[in-house]
>>> print(open('structure_6.tsv').read())   # TSV, C-alpha atoms
chain	number	residue	atom	x	y	z
U	1	MET	CA	125.61	56.19	55.87
U	2	HIS	CA	125.92	52.67	57.25
U	3	GLN	CA	124.02	51.90	60.41
U	4	LYS	CA	126.66	51.30	63.07
U	5	GLN	CA	126.63	47.87	64.64
U	6	HIS	CA	129.15	47.04	67.38
U	7	TRP	CA	130.31	43.54	68.35
U	8	ASP	CA	132.27	41.95	71.16
U	9	ILE	CA	133.53	38.51	70.12
U	10	LEU	CA	135.05	36.13	72.66
U	11	LEU	CA	137.54	33.84	70.94
U	12	SER	CA	138.86	30.49	72.15
U	13	ASN	CA	142.60	29.88	71.68
U	14	GLN	CA	141.57	26.97	69.42
U	15	VAL	CA	140.31	29.41	66.77
U	16	ASN	CA	142.49	30.52	63.85
U	17	LYS	CA	142.21	34.21	64.71
U	18	LYS	CA	144.10	35.50	61.66
U	19	LYS	CA	141.81	33.60	59.32
U	20	PHE	CA	138.72	34.92	61.12
U	21	ILE	CA	139.98	38.51	60.94
U	22	ASP	CA	140.77	38.06	57.22
U	23	THR	CA	137.16	36.95	56.54
U	24	LEU	CA	135.94	40.21	58.08
U	25	LEU	CA	138.41	42.45	56.23
U	26	MET	CA	137.87	40.65	52.89
U	27	GLY	CA	134.07	40.87	53.10
U	28	GLN	CA	133.50	37.12	53.49
U	29	ALA	CA	131.76	37.02	56.88
U	30	LYS	CA	128.67	34.86	57.34
U	31	LYS	CA	125.26	35.33	58.97
U	32	GLU	CA	125.05	38.16	61.54
U	33	LEU	CA	128.51	39.52	60.68
U	34	ALA	CA	127.72	39.69	56.94
U	35	VAL	CA	126.51	43.26	57.57
U	36	PHE	CA	130.21	44.28	57.38
U	37	ASN	CA	130.87	42.61	54.01
U	38	ASN	CA	130.42	45.73	51.86
U	39	GLN	CA	132.14	48.05	54.31
U	40	LYS	CA	135.72	49.26	54.66
U	41	GLY	CA	137.53	47.87	57.68
U	42	ILE	CA	140.93	48.27	59.31
U	43	LEU	CA	142.75	46.19	61.93
U	44	PHE	CA	144.07	47.59	65.21
U	45	SER	CA	146.40	45.05	66.84
U	46	ASP	CA	149.90	44.67	68.24
U	47	ILE	CA	150.92	42.80	65.08
U	48	ALA	CA	149.44	45.54	62.84
U	49	ILE	CA	151.44	48.14	64.79
U	50	GLU	CA	154.64	46.11	64.41
U	51	LYS	CA	154.08	45.75	60.66
U	52	PHE	CA	153.46	49.48	60.37
U	53	ILE	CA	156.70	50.24	62.24
U	54	GLU	CA	158.62	47.86	59.93
U	55	LYS	CA	157.14	49.58	56.88
U	56	GLU	CA	158.11	53.07	58.10
U	57	TYR	CA	161.60	51.84	58.94
U	58	GLN	CA	162.07	50.03	55.63
U	59	TYR	CA	161.03	53.03	53.51
U	60	ASP	CA	162.35	55.67	55.95
U	61	SER	CA	158.92	57.30	55.90
U	62	VAL	CA	156.61	58.97	58.41
U	63	GLU	CA	153.04	57.82	57.73
U	64	ALA	CA	151.25	57.71	61.07
U	65	LEU	CA	152.09	61.27	62.14
U	66	PRO	CA	153.42	63.29	59.21
U	67	GLU	CA	152.85	66.58	61.06
U	68	SER	CA	155.10	65.46	63.95
U	69	HIS	CA	157.89	64.14	61.67
U	70	ARG	CA	158.23	61.20	64.10
U	71	GLN	CA	158.12	57.54	63.16
U	72	LEU	CA	155.85	55.33	65.27
U	73	ARG	CA	158.81	53.34	66.68
U	74	THR	CA	160.09	56.46	68.50
U	75	PHE	CA	157.07	56.41	70.85
U	76	SER	CA	156.62	54.33	74.00
U	77	SER	CA	154.40	51.22	73.70
U	78	GLY	CA	151.39	52.98	75.24
U	79	GLU	CA	151.83	56.06	73.02
U	80	ARG	CA	152.19	53.85	69.94
U	81	LYS	CA	148.70	52.49	70.51
U	82	LYS	CA	147.23	55.99	70.83
U	83	GLU	CA	148.97	57.29	67.70
U	84	PHE	CA	148.18	54.20	65.63
U	85	LEU	CA	144.52	54.52	66.61
U	86	LYS	CA	144.58	58.13	65.33
U	87	TYR	CA	146.07	56.84	62.09
U	88	CYS	CA	143.33	54.18	61.77
U	89	ILE	CA	140.59	56.79	62.30
U	90	CYS	CA	142.19	59.07	59.66
U	91	GLN	CA	141.73	56.28	57.10
U	92	LYS	CA	137.96	56.86	57.48
U	93	PRO	CA	136.98	53.18	57.84
U	94	ASP	CA	133.40	52.02	58.37
U	95	PHE	CA	134.59	49.67	61.10
U	96	ILE	CA	137.74	48.98	63.14
U	97	ILE	CA	138.64	45.50	64.39
U	98	PHE	CA	140.31	45.71	67.81
U	99	ASP	CA	142.35	42.56	68.52
U	100	ASN	CA	142.88	42.23	72.30
U	101	PRO	CA	143.46	45.99	72.67
U	102	PHE	CA	143.78	45.76	76.48
U	103	ASP	CA	146.75	43.36	76.39
U	104	HIS	CA	149.98	44.71	77.94
U	105	LEU	CA	148.19	47.77	79.36
U	106	ASP	CA	148.13	48.79	83.02
U	107	ASN	CA	144.76	49.34	84.73
U	108	ALA	CA	144.75	53.12	84.30
U	109	SER	CA	145.48	52.79	80.56
U	110	ARG	CA	142.70	50.17	80.26
U	111	VAL	CA	140.14	52.58	81.72
U	112	ILE	CA	141.27	55.38	79.36
U	113	LEU	CA	141.16	53.07	76.33
U	114	ALA	CA	137.67	51.80	77.23
U	115	GLU	CA	136.41	55.39	77.41
U	116	SER	CA	138.07	56.20	74.07
U	117	LEU	CA	136.38	53.20	72.44
U	118	LYS	CA	133.02	54.26	73.85
U	119	ASP	CA	133.44	57.73	72.32
U	120	LEU	CA	134.69	56.27	69.04
U	121	ALA	CA	131.62	54.03	68.81
U	122	ASN	CA	129.51	57.13	68.13
U	123	SER	CA	131.16	57.54	64.72
U	124	ILE	CA	132.73	54.20	63.72
U	125	ALA	CA	131.54	50.60	64.11
U	126	ILE	CA	133.68	48.56	66.52
U	127	ILE	CA	134.40	44.83	66.42
U	128	GLN	CA	136.40	43.85	69.48
U	129	ILE	CA	138.02	40.41	69.54
U	130	VAL	CA	139.08	39.23	73.01
U	131	ASN	CA	140.16	36.04	74.77
U	132	ARG	CA	139.02	37.04	78.27
U	133	VAL	CA	135.45	37.61	79.48
U	134	THR	CA	136.74	40.44	81.70
U	135	ASP	CA	137.77	42.45	78.60
U	136	ILE	CA	134.26	42.57	77.12
U	137	LEU	CA	132.97	46.14	76.79
U	138	ASN	CA	129.76	46.98	78.68
U	139	PHE	CA	128.44	49.42	76.06
U	140	VAL	CA	128.62	46.92	73.18
U	141	GLU	CA	125.19	45.40	72.60
U	142	ASN	CA	126.08	42.42	70.37
U	143	LYS	CA	128.14	39.77	72.13
U	144	ALA	CA	129.07	36.28	70.92
U	145	GLN	CA	131.55	33.47	71.43
U	146	ILE	CA	133.48	31.60	68.70
U	147	LYS	CA	134.77	28.17	69.71
U	148	ASP	CA	136.28	26.74	66.51
U	149	ASP	CA	137.17	27.45	62.89
U	150	THR	CA	133.59	27.21	61.66
U	151	PHE	CA	133.36	30.78	63.06
U	152	GLU	CA	129.83	30.03	64.24
U	153	LEU	CA	128.56	32.58	66.76
U	154	HIS	CA	127.38	31.19	70.12
U	155	PRO	CA	125.96	32.91	73.20
U	156	ILE	CA	128.54	33.69	75.88
U	157	PRO	CA	127.83	31.53	78.98
U	158	LYS	CA	126.50	33.49	81.95
U	159	THR	CA	128.28	31.33	84.52
U	160	GLY	CA	131.85	30.05	84.79
U	161	THR	CA	132.88	26.86	83.03
U	162	ASN	CA	134.43	23.88	84.77
U	163	PHE	CA	137.95	23.67	83.38
U	164	LYS	CA	140.40	20.77	83.57
U	165	THR	CA	142.60	20.53	86.64
U	166	VAL	CA	146.30	20.12	87.32
U	167	ASN	CA	147.37	16.94	89.13
U	168	ALA	CA	149.03	18.61	92.13
U	169	SER	CA	150.10	15.46	93.97
U	170	ALA	CA	152.70	14.27	91.47
U	171	ILE	CA	155.24	17.15	91.21
U	172	PRO	CA	158.60	15.44	90.55
U	173	LYS	CA	161.52	16.12	92.86
U	174	ALA	CA	164.67	17.83	91.56
U	175	VAL	CA	167.31	15.56	89.99
U	176	GLU	CA	170.06	17.36	91.88
U	177	LEU	CA	169.97	19.94	94.66
U	178	HIS	CA	171.16	23.45	93.89
U	179	SER	CA	174.37	24.71	95.43
U	180	PHE	CA	172.75	27.94	96.64
U	181	HIS	CA	171.17	27.53	100.08
U	182	GLU	CA	171.06	31.04	101.59
U	183	SER	CA	167.68	32.53	102.47
U	184	VAL	CA	168.20	35.82	100.56
U	185	LEU	CA	168.22	35.35	96.77
U	186	ILE	CA	168.11	38.97	95.55
U	187	LYS	CA	168.88	42.15	97.46
U	188	MET	CA	168.63	45.66	96.02
U	189	ASN	CA	169.65	48.61	98.16
U	190	ASN	CA	168.89	52.09	96.74
U	191	ILE	CA	169.30	51.01	93.10
U	192	SER	CA	168.89	53.79	90.51
U	193	VAL	CA	168.98	53.43	86.71
U	194	SER	CA	169.05	56.09	83.98
U	195	TYR	CA	169.42	55.90	80.21
U	196	ASP	CA	170.86	59.09	78.70
U	197	ASP	CA	168.71	61.77	80.36
U	198	ARG	CA	165.78	59.47	81.10
U	199	LYS	CA	165.51	58.30	84.70
U	200	ILE	CA	163.97	54.82	84.98
U	201	LEU	CA	164.42	53.65	88.60
U	202	ASP	CA	164.92	55.84	91.67
U	203	THR	CA	166.52	54.30	94.80
U	204	ILE	CA	164.78	50.93	94.61
U	205	SER	CA	165.23	48.69	97.67
U	206	TRP	CA	163.83	45.17	97.50
U	207	THR	CA	164.77	41.83	99.07
U	208	ILE	CA	163.53	38.49	97.63
U	209	ARG	CA	163.89	35.47	99.91
U	210	GLN	CA	163.66	31.74	99.37
U	211	GLY	CA	160.14	30.31	99.15
U	212	GLU	CA	158.39	33.66	98.58
U	213	PHE	CA	155.80	34.37	95.87
U	214	TRP	CA	156.03	37.94	94.54
U	215	GLN	CA	154.01	39.79	91.93
U	216	LEU	CA	155.74	42.76	90.27
U	217	ILE	CA	153.31	45.40	89.03
U	218	GLY	CA	153.49	48.93	87.68
U	219	PRO	CA	152.18	50.97	84.75
U	220	ASN	CA	153.64	50.78	81.25
U	221	GLY	CA	157.13	52.24	81.14
U	222	SER	CA	157.63	52.07	84.92
U	223	GLY	CA	160.75	49.89	84.69
U	224	LYS	CA	159.53	46.32	85.21
U	225	SER	CA	161.72	45.03	82.36
U	226	THR	CA	164.69	46.97	83.78
U	227	ILE	CA	164.18	45.29	87.17
U	228	LEU	CA	164.09	41.85	85.52
U	229	SER	CA	167.28	42.57	83.56
U	230	LEU	CA	169.05	43.57	86.80
U	231	ILE	CA	167.94	40.34	88.50
U	232	SER	CA	169.00	38.15	85.57
U	233	GLY	CA	172.46	39.77	85.50
U	234	ASP	CA	172.01	41.06	81.94
U	235	ASN	CA	171.96	44.78	82.81
U	236	PRO	CA	175.37	46.47	83.22
U	237	LYS	CA	173.69	49.28	85.17
U	238	GLY	CA	173.92	47.01	88.22
U	239	PHE	CA	177.71	47.41	88.41
U	240	GLY	CA	178.93	49.66	91.22
U	241	GLN	CA	175.58	49.54	93.04
U	242	GLU	CA	174.32	47.67	96.09
U	243	LEU	CA	172.90	44.80	94.03
U	244	TYR	CA	173.36	41.28	95.42
U	245	LEU	CA	172.46	38.29	93.24
U	246	PHE	CA	172.46	34.88	94.93
U	247	GLY	CA	174.92	35.87	97.63
U	248	ARG	CA	177.36	37.86	95.50
U	249	LYS	CA	177.56	41.58	94.88
U	250	LYS	CA	177.20	42.46	91.19
U	251	GLY	CA	180.64	42.95	89.68
U	252	THR	CA	182.70	40.80	92.07
U	253	GLY	CA	183.76	38.22	89.52
U	254	GLU	CA	180.51	36.32	88.98
U	255	SER	CA	179.61	35.32	85.41
U	256	VAL	CA	176.19	35.82	83.88
U	257	TRP	CA	175.96	32.02	83.62
U	258	ASP	CA	176.55	31.69	87.39
U	259	ILE	CA	173.45	33.81	87.84
U	260	LYS	CA	171.33	32.27	85.09
U	261	LYS	CA	171.76	28.71	86.37
U	262	GLN	CA	169.93	29.83	89.54
U	263	ILE	CA	166.96	31.16	87.56
U	264	GLY	CA	164.19	29.61	85.48
U	265	ILE	CA	162.62	32.15	83.13
U	266	PHE	CA	159.38	32.14	81.16
U	267	SER	CA	158.43	34.93	78.74
U	268	THR	CA	155.91	34.80	75.91
U	269	SER	CA	158.69	35.53	73.36
U	270	MET	CA	160.26	32.14	74.19
U	271	THR	CA	157.51	30.46	72.16
U	272	ASP	CA	159.16	31.78	68.99
U	273	LEU	CA	162.42	29.94	69.81
U	274	PHE	CA	160.83	26.51	69.38
U	275	GLN	CA	159.59	26.74	65.79
U	276	LYS	CA	161.23	23.59	64.43
U	277	SER	CA	160.09	19.98	64.67
U	278	HIS	CA	160.81	19.50	68.40
U	279	THR	CA	158.24	17.32	70.10
U	280	LEU	CA	156.65	18.44	73.35
U	281	GLU	CA	158.76	15.89	75.24
U	282	GLU	CA	162.01	17.05	73.59
U	283	MET	CA	161.23	20.70	74.25
U	284	ILE	CA	160.78	20.09	77.99
U	285	LEU	CA	163.81	17.78	78.17
U	286	SER	CA	165.96	20.54	76.65
U	287	GLY	CA	165.38	22.47	79.87
U	288	PHE	CA	167.84	20.14	81.62
U	289	PHE	CA	170.57	21.39	79.26
U	290	ASP	CA	169.43	25.04	78.84
U	291	SER	CA	169.42	24.51	75.08
U	292	ILE	CA	166.94	25.36	72.33
U	293	GLY	CA	166.38	21.85	71.04
U	294	LEU	CA	167.70	18.52	72.32
U	295	TYR	CA	171.28	17.74	71.28
U	296	ILE	CA	172.37	15.54	74.20
U	297	GLU	CA	170.89	12.14	74.96
U	298	PRO	CA	168.90	12.55	78.21
U	299	THR	CA	169.25	10.03	81.01
U	300	THR	CA	166.54	7.55	81.93
U	301	LEU	CA	165.88	9.56	85.13
U	302	GLN	CA	165.49	12.80	83.17
U	303	LYS	CA	162.98	11.12	80.87
U	304	GLN	CA	161.07	9.78	83.89
U	305	ILE	CA	160.88	13.26	85.43
U	306	VAL	CA	159.51	14.77	82.22
U	307	SER	CA	156.96	11.92	82.05
U	308	GLN	CA	155.86	12.77	85.59
U	309	TRP	CA	155.50	16.46	84.69
U	310	LEU	CA	153.42	15.56	81.63
U	311	GLU	CA	151.11	13.62	83.94
U	312	VAL	CA	150.87	16.66	86.25
U	313	ILE	CA	149.73	18.92	83.41
U	314	GLU	CA	147.59	16.15	81.84
U	315	MET	CA	149.49	16.24	78.53
U	316	ALA	CA	151.11	12.76	78.57
U	317	SER	CA	149.15	11.76	75.46
U	318	LEU	CA	150.72	14.69	73.58
U	319	ARG	CA	154.37	13.84	74.34
U	320	LYS	CA	155.23	13.05	70.69
U	321	LYS	CA	153.22	15.91	69.21
U	322	ARG	CA	155.22	18.78	67.71
U	323	PHE	CA	155.43	21.73	70.08
U	324	ILE	CA	154.38	24.17	67.33
U	325	ASP	CA	151.19	22.15	66.77
U	326	LEU	CA	150.02	22.58	70.37
U	327	SER	CA	147.49	25.23	71.38
U	328	ILE	CA	148.87	28.52	72.75
U	329	GLY	CA	147.80	27.56	76.26
U	330	GLN	CA	149.46	24.15	76.04
U	331	GLN	CA	152.67	25.79	74.79
U	332	ARG	CA	152.71	28.23	77.73
U	333	VAL	CA	152.15	25.50	80.31
U	334	ALA	CA	154.91	23.37	78.74
U	335	LEU	CA	157.36	26.32	78.75
U	336	ILE	CA	156.64	26.99	82.44
U	337	VAL	CA	157.31	23.32	83.19
U	338	ARG	CA	160.59	23.60	81.25
U	339	ALA	CA	161.55	26.66	83.33
U	340	VAL	CA	160.85	24.91	86.65
U	341	LEU	CA	162.20	21.49	85.63
U	342	LYS	CA	165.41	21.78	87.70
U	343	HIS	CA	163.66	23.41	90.67
U	344	PRO	CA	165.72	26.63	90.32
U	345	PRO	CA	165.93	28.87	93.40
U	346	LEU	CA	164.06	31.60	91.44
U	347	LEU	CA	161.34	31.24	88.79
U	348	ILE	CA	160.52	34.40	86.78
U	349	LEU	CA	157.17	34.36	84.97
U	350	ASP	CA	156.86	37.39	82.67
U	351	GLU	CA	153.21	37.95	81.70
U	352	PRO	CA	152.47	34.23	81.29
U	353	VAL	CA	148.72	34.62	80.65
U	354	GLU	CA	148.69	37.45	78.08
U	355	GLY	CA	146.74	36.38	74.99
U	356	LEU	CA	145.26	33.28	76.63
U	357	ASP	CA	141.56	32.48	76.86
U	358	ASP	CA	139.92	31.90	80.24
U	359	GLU	CA	140.33	28.11	80.12
U	360	ASN	CA	144.07	28.32	79.49
U	361	VAL	CA	144.52	31.14	82.03
U	362	ASP	CA	142.92	28.85	84.59
U	363	LEU	CA	145.34	26.03	83.67
U	364	VAL	CA	148.42	28.28	83.97
U	365	ILE	CA	147.26	29.71	87.32
U	366	GLN	CA	146.67	26.21	88.69
U	367	LEU	CA	150.18	25.21	87.62
U	368	ILE	CA	151.73	28.28	89.29
U	369	ASN	CA	149.82	27.62	92.51
U	370	THR	CA	150.89	23.97	92.40
U	371	ILE	CA	154.56	24.94	92.02
U	372	LYS	CA	154.19	27.29	94.99
U	373	GLN	CA	152.54	24.66	97.19
U	374	GLU	CA	154.63	21.63	96.29
U	375	THR	CA	158.16	23.08	95.88
U	376	ASN	CA	160.48	25.56	97.59
U	377	VAL	CA	160.96	27.54	94.37
U	378	THR	CA	160.68	31.32	94.77
U	379	ILE	CA	158.26	32.79	92.22
U	380	LEU	CA	158.42	36.28	90.69
U	381	TYR	CA	155.26	36.84	88.64
U	382	VAL	CA	155.09	39.91	86.39
U	383	SER	CA	151.71	41.09	85.13
U	384	HIS	CA	149.45	44.13	84.95
U	385	ARG	CA	146.44	42.05	85.95
U	386	ILE	CA	145.65	40.78	89.43
U	387	GLU	CA	144.27	37.33	88.58
U	388	ALA	CA	141.50	35.74	90.60
U	389	GLY	CA	142.78	32.48	92.06
U	390	LEU	CA	146.41	33.60	92.11
U	391	SER	CA	147.68	34.39	95.59
U	392	PRO	CA	151.13	36.01	95.73
U	393	THR	CA	152.41	36.43	99.28
U	394	SER	CA	153.63	39.96	98.47
U	395	VAL	CA	153.29	42.59	95.74
U	396	PHE	CA	156.07	45.00	94.72
U	397	GLU	CA	154.65	48.04	92.94
U	398	LEU	CA	156.59	50.50	90.79
U	399	THR	CA	155.23	54.06	90.67
U	400	PRO	CA	156.70	56.51	88.13
U	401	THR	CA	157.93	59.93	89.31
U	402	GLN	CA	159.95	62.68	87.60
U	403	THR	CA	163.14	61.20	89.08
U	404	GLY	CA	162.33	57.61	88.02
U	405	SER	CA	160.04	54.95	89.44
U	406	ILE	CA	159.97	54.34	93.17
U	407	GLY	CA	159.03	50.97	94.65
U	408	LYS	CA	156.86	49.91	97.55
U	409	ILE	CA	155.60	46.65	99.00
U	410	LYS	CA	151.81	46.35	99.04
>>> encode(input="structure_6.tsv", output="structure tokens")
Amino acid sequence: MHQKQHWDILLSNQVNKKKFIDTLLMGQAKKELAVFNNQKGILFSDIAIEKFIEKEYQYDSVEALPESHRQLRTFSSGERKKEFLKYCICQKPDFIIFDNPFDHLDNASRVILAESLKDLANSIAIIQIVNRVTDILNFVENKAQIKDDTFELHPIPKTGTNFKTVNASAIPKAVELHSFHESVLIKMNNISVSYDDRKILDTISWTIRQGEFWQLIGPNGSGKSTILSLISGDNPKGFGQELYLFGRKKGTGESVWDIKKQIGIFSTSMTDLFQKSHTLEEMILSGFFDSIGLYIEPTTLQKQIVSQWLEVIEMASLRKKRFIDLSIGQQRVALIVRAVLKHPPLLILDEPVEGLDDENVDLVIQLINTIKQETNVTILYVSHRIEAGLSPTSVFELTPTQTGSIGKIK
């Protein structure tokens, strides 16, 4: 029986995480982690779950839960994690690598998962890989930080690090003013949404006004994505209800593009859209034309504005670097700049700091605060975490009930 040794490893976004995980699973770890080299390991991660779902779908098989006759994709995101963990344990590994297991989980689910990992540690060795200090597990004795692709283990600093700062004084003005000038941007009055027999939202009433900074919170499956799809005009469930988007009731002849031109949106999935050879400068410039890639010659003024933004985020020296060659944190910051480039009335930021290390989280939060202080853009920030240093003026919380989620202002 192998002596169980548990590790918490704090990873910088500069590290090639896949390569590091492969060294552990292939028995090629060095120094202190070499203890795992002759042991059987398995990976628990969002990507591993997605690959498993693809495999079940491709072969029309049920592998995770043969007794239930249900494929993993038929479960909610939170349930998928629970069932995939059961599957991993059934493989009887000596150790399980947990890659950011707390990502995309609400606070209650985080507490439950932490307790589950503590119980699991009695029988299986745990290696947790995280990007945030706050996700480190108290019961794990061995803790280390990896800063680069040498995979050298370093002590985790006891005190906070001084990160780089955003240049708040140089936010460029909008090229042209928006046509929408009313104070109320979004108004929902007793909005309810169901899919088949499943009730998602129950009589939600919420008004978003110009210049406000909202955070939308709620547990997994509470309807946050449904709310966002109503606001962006993409959800047909808004028809026939008291839903007003930028001064017009849903279904009174507005086009989706009329709505979208009033909104700047960031989501982590947008990173995948820019996988070609666009430079950082081209990627941001494309925000003027709402295109993926730059196909129209930008004006001199548009180029000047992007140059000013690159100075704000201290990335002017990277303007000609390919977007895909930037760090994850740099990509996120650049995509937020692209979303706010035209000073839209509403900026939606959907989990902008998931998967970032503490340094890059700090950079994104500074940028959000700067946008709030220096512009009149209304911000809607969606995240499970309440981040230190981020100060929304109001919080809208979704709470699930049997008749769908209800909403309240905190």
>>> residues_around(input="structure_6.tsv", residues="Ile296 of chain U", least_positions_apart="4", cutoff="10 Å", atoms="all atoms listed in the file", output="ChimeraX atom specification")
/U:285-286,288-289,291
>>> residues_around(input="structure_6.tsv", residues="Ile126 of chain U", least_positions_apart="4", cutoff="9 Å", atoms="all atoms listed in the file", output="short mmCIF file (atom, residue, chain, number, x, y, z; two decimals) with C-alpha atoms, keeping the file's coordinate frame")
data_model
loop_
_atom_site.label_atom_id
_atom_site.label_comp_id
_atom_site.auth_asym_id
_atom_site.auth_seq_id
_atom_site.Cartn_x
_atom_site.Cartn_y
_atom_site.Cartn_z
CA LYS U 4 126.66 51.30 63.07
CA GLN U 5 126.63 47.87 64.64
CA HIS U 6 129.15 47.04 67.38
CA TRP U 7 130.31 43.54 68.35
CA ASP U 8 132.27 41.95 71.16
CA ASP U 94 133.40 52.02 58.37
CA PHE U 95 134.59 49.67 61.10
CA ILE U 96 137.74 48.98 63.14
CA ILE U 97 138.64 45.50 64.39
CA PHE U 98 140.31 45.71 67.81
CA LEU U 117 136.38 53.20 72.44
CA LEU U 120 134.69 56.27 69.04
CA ALA U 121 131.62 54.03 68.81
CA VAL U 140 128.62 46.92 73.18
#
>>> atom_distance(input="structure_6.tsv", atom1="atom CA of Phe44 of chain U", atom2="atom CA of Ala114 of chain U")
14.3 Å
>>> residues_near_point(input="structure_6.tsv", point="(168.5, 43.4, 85.9)", cutoff="12 Å", atoms="all atoms listed in the file", output="PyMOL selection string")
chain U and resi 186-188+191-193+201+223-239+241+243-245+250+256+259-260
>>> write_last_selection(input="structure_6.tsv", atoms="C-alpha atoms", output="PDB file, keeping the file's coordinate frame")
ATOM      1  CA  ILE U 186     168.110  38.970  95.550  1.00  0.00           C
ATOM      2  CA  LYS U 187     168.880  42.150  97.460  1.00  0.00           C
ATOM      3  CA  MET U 188     168.630  45.660  96.020  1.00  0.00           C
ATOM      4  CA  ILE U 191     169.300  51.010  93.100  1.00  0.00           C
ATOM      5  CA  SER U 192     168.890  53.790  90.510  1.00  0.00           C
ATOM      6  CA  VAL U 193     168.980  53.430  86.710  1.00  0.00           C
ATOM      7  CA  LEU U 201     164.420  53.650  88.600  1.00  0.00           C
ATOM      8  CA  GLY U 223     160.750  49.890  84.690  1.00  0.00           C
ATOM      9  CA  LYS U 224     159.530  46.320  85.210  1.00  0.00           C
ATOM     10  CA  SER U 225     161.720  45.030  82.360  1.00  0.00           C
ATOM     11  CA  THR U 226     164.690  46.970  83.780  1.00  0.00           C
ATOM     12  CA  ILE U 227     164.180  45.290  87.170  1.00  0.00           C
ATOM     13  CA  LEU U 228     164.090  41.850  85.520  1.00  0.00           C
ATOM     14  CA  SER U 229     167.280  42.570  83.560  1.00  0.00           C
ATOM     15  CA  LEU U 230     169.050  43.570  86.800  1.00  0.00           C
ATOM     16  CA  ILE U 231     167.940  40.340  88.500  1.00  0.00           C
ATOM     17  CA  SER U 232     169.000  38.150  85.570  1.00  0.00           C
ATOM     18  CA  GLY U 233     172.460  39.770  85.500  1.00  0.00           C
ATOM     19  CA  ASP U 234     172.010  41.060  81.940  1.00  0.00           C
ATOM     20  CA  ASN U 235     171.960  44.780  82.810  1.00  0.00           C
ATOM     21  CA  PRO U 236     175.370  46.470  83.220  1.00  0.00           C
ATOM     22  CA  LYS U 237     173.690  49.280  85.170  1.00  0.00           C
ATOM     23  CA  GLY U 238     173.920  47.010  88.220  1.00  0.00           C
ATOM     24  CA  PHE U 239     177.710  47.410  88.410  1.00  0.00           C
ATOM     25  CA  GLN U 241     175.580  49.540  93.040  1.00  0.00           C
ATOM     26  CA  LEU U 243     172.900  44.800  94.030  1.00  0.00           C
ATOM     27  CA  TYR U 244     173.360  41.280  95.420  1.00  0.00           C
ATOM     28  CA  LEU U 245     172.460  38.290  93.240  1.00  0.00           C
ATOM     29  CA  LYS U 250     177.200  42.460  91.190  1.00  0.00           C
ATOM     30  CA  VAL U 256     176.190  35.820  83.880  1.00  0.00           C
ATOM     31  CA  ILE U 259     173.450  33.810  87.840  1.00  0.00           C
ATOM     32  CA  LYS U 260     171.330  32.270  85.090  1.00  0.00           C
TER      33      LYS U 260
END
>>> closest_residue(input="structure_6.tsv", among="U:Leu85, U:Ile406, U:Val184, U:Val133", to="Glu359 of chain U", atoms="all atoms listed in the file")
U:Val133
>>> atom_distance(input="structure_6.tsv", atom1="atom CA of Asp357 of chain U", atom2="atom CA of Leu11 of chain U")
7.3 Å
>>> atom_distance(input="structure_6.tsv", atom1="atom CA of Asn131 of chain U", atom2="atom CA of Glu281 of chain U")
27.4 Å
>>> closest_residue(input="structure_6.tsv", among="U:Asn38, U:Gln366, U:Thr393, U:Gln308", to="Ala174 of chain U", atoms="all atoms listed in the file")
U:Gln308
>>> residues_near_point(input="structure_6.tsv", point="(162.6, 20.2, 91.7)", cutoff="6 Å", atoms="only C-alpha atoms", output="VMD selection string")
chain U and resid 173 to 174 342 to 343
>>> closest_residue(input="structure_6.tsv", among="U:Ser12, U:Asn122, U:Asn107, U:Ser269", to="His154 of chain U", atoms="all atoms listed in the file")
U:Ser12
>>> closest_residue(input="structure_6.tsv", among="U:Ile9, U:Leu294, U:Val111, U:Val395", to="Glu141 of chain U", atoms="only C-alpha atoms")
U:Ile9
>>> closest_residue(input="structure_6.tsv", among="U:Leu390, U:Met270, U:Ile265, U:Ile53", to="Phe75 of chain U", atoms="all atoms listed in the file")
U:Ile53
>>> closest_residue(input="structure_6.tsv", among="U:Ile171, U:Asn360, U:Ile336, U:Glu50", to="Glu374 of chain U", atoms="all atoms listed in the file")
U:Ile171
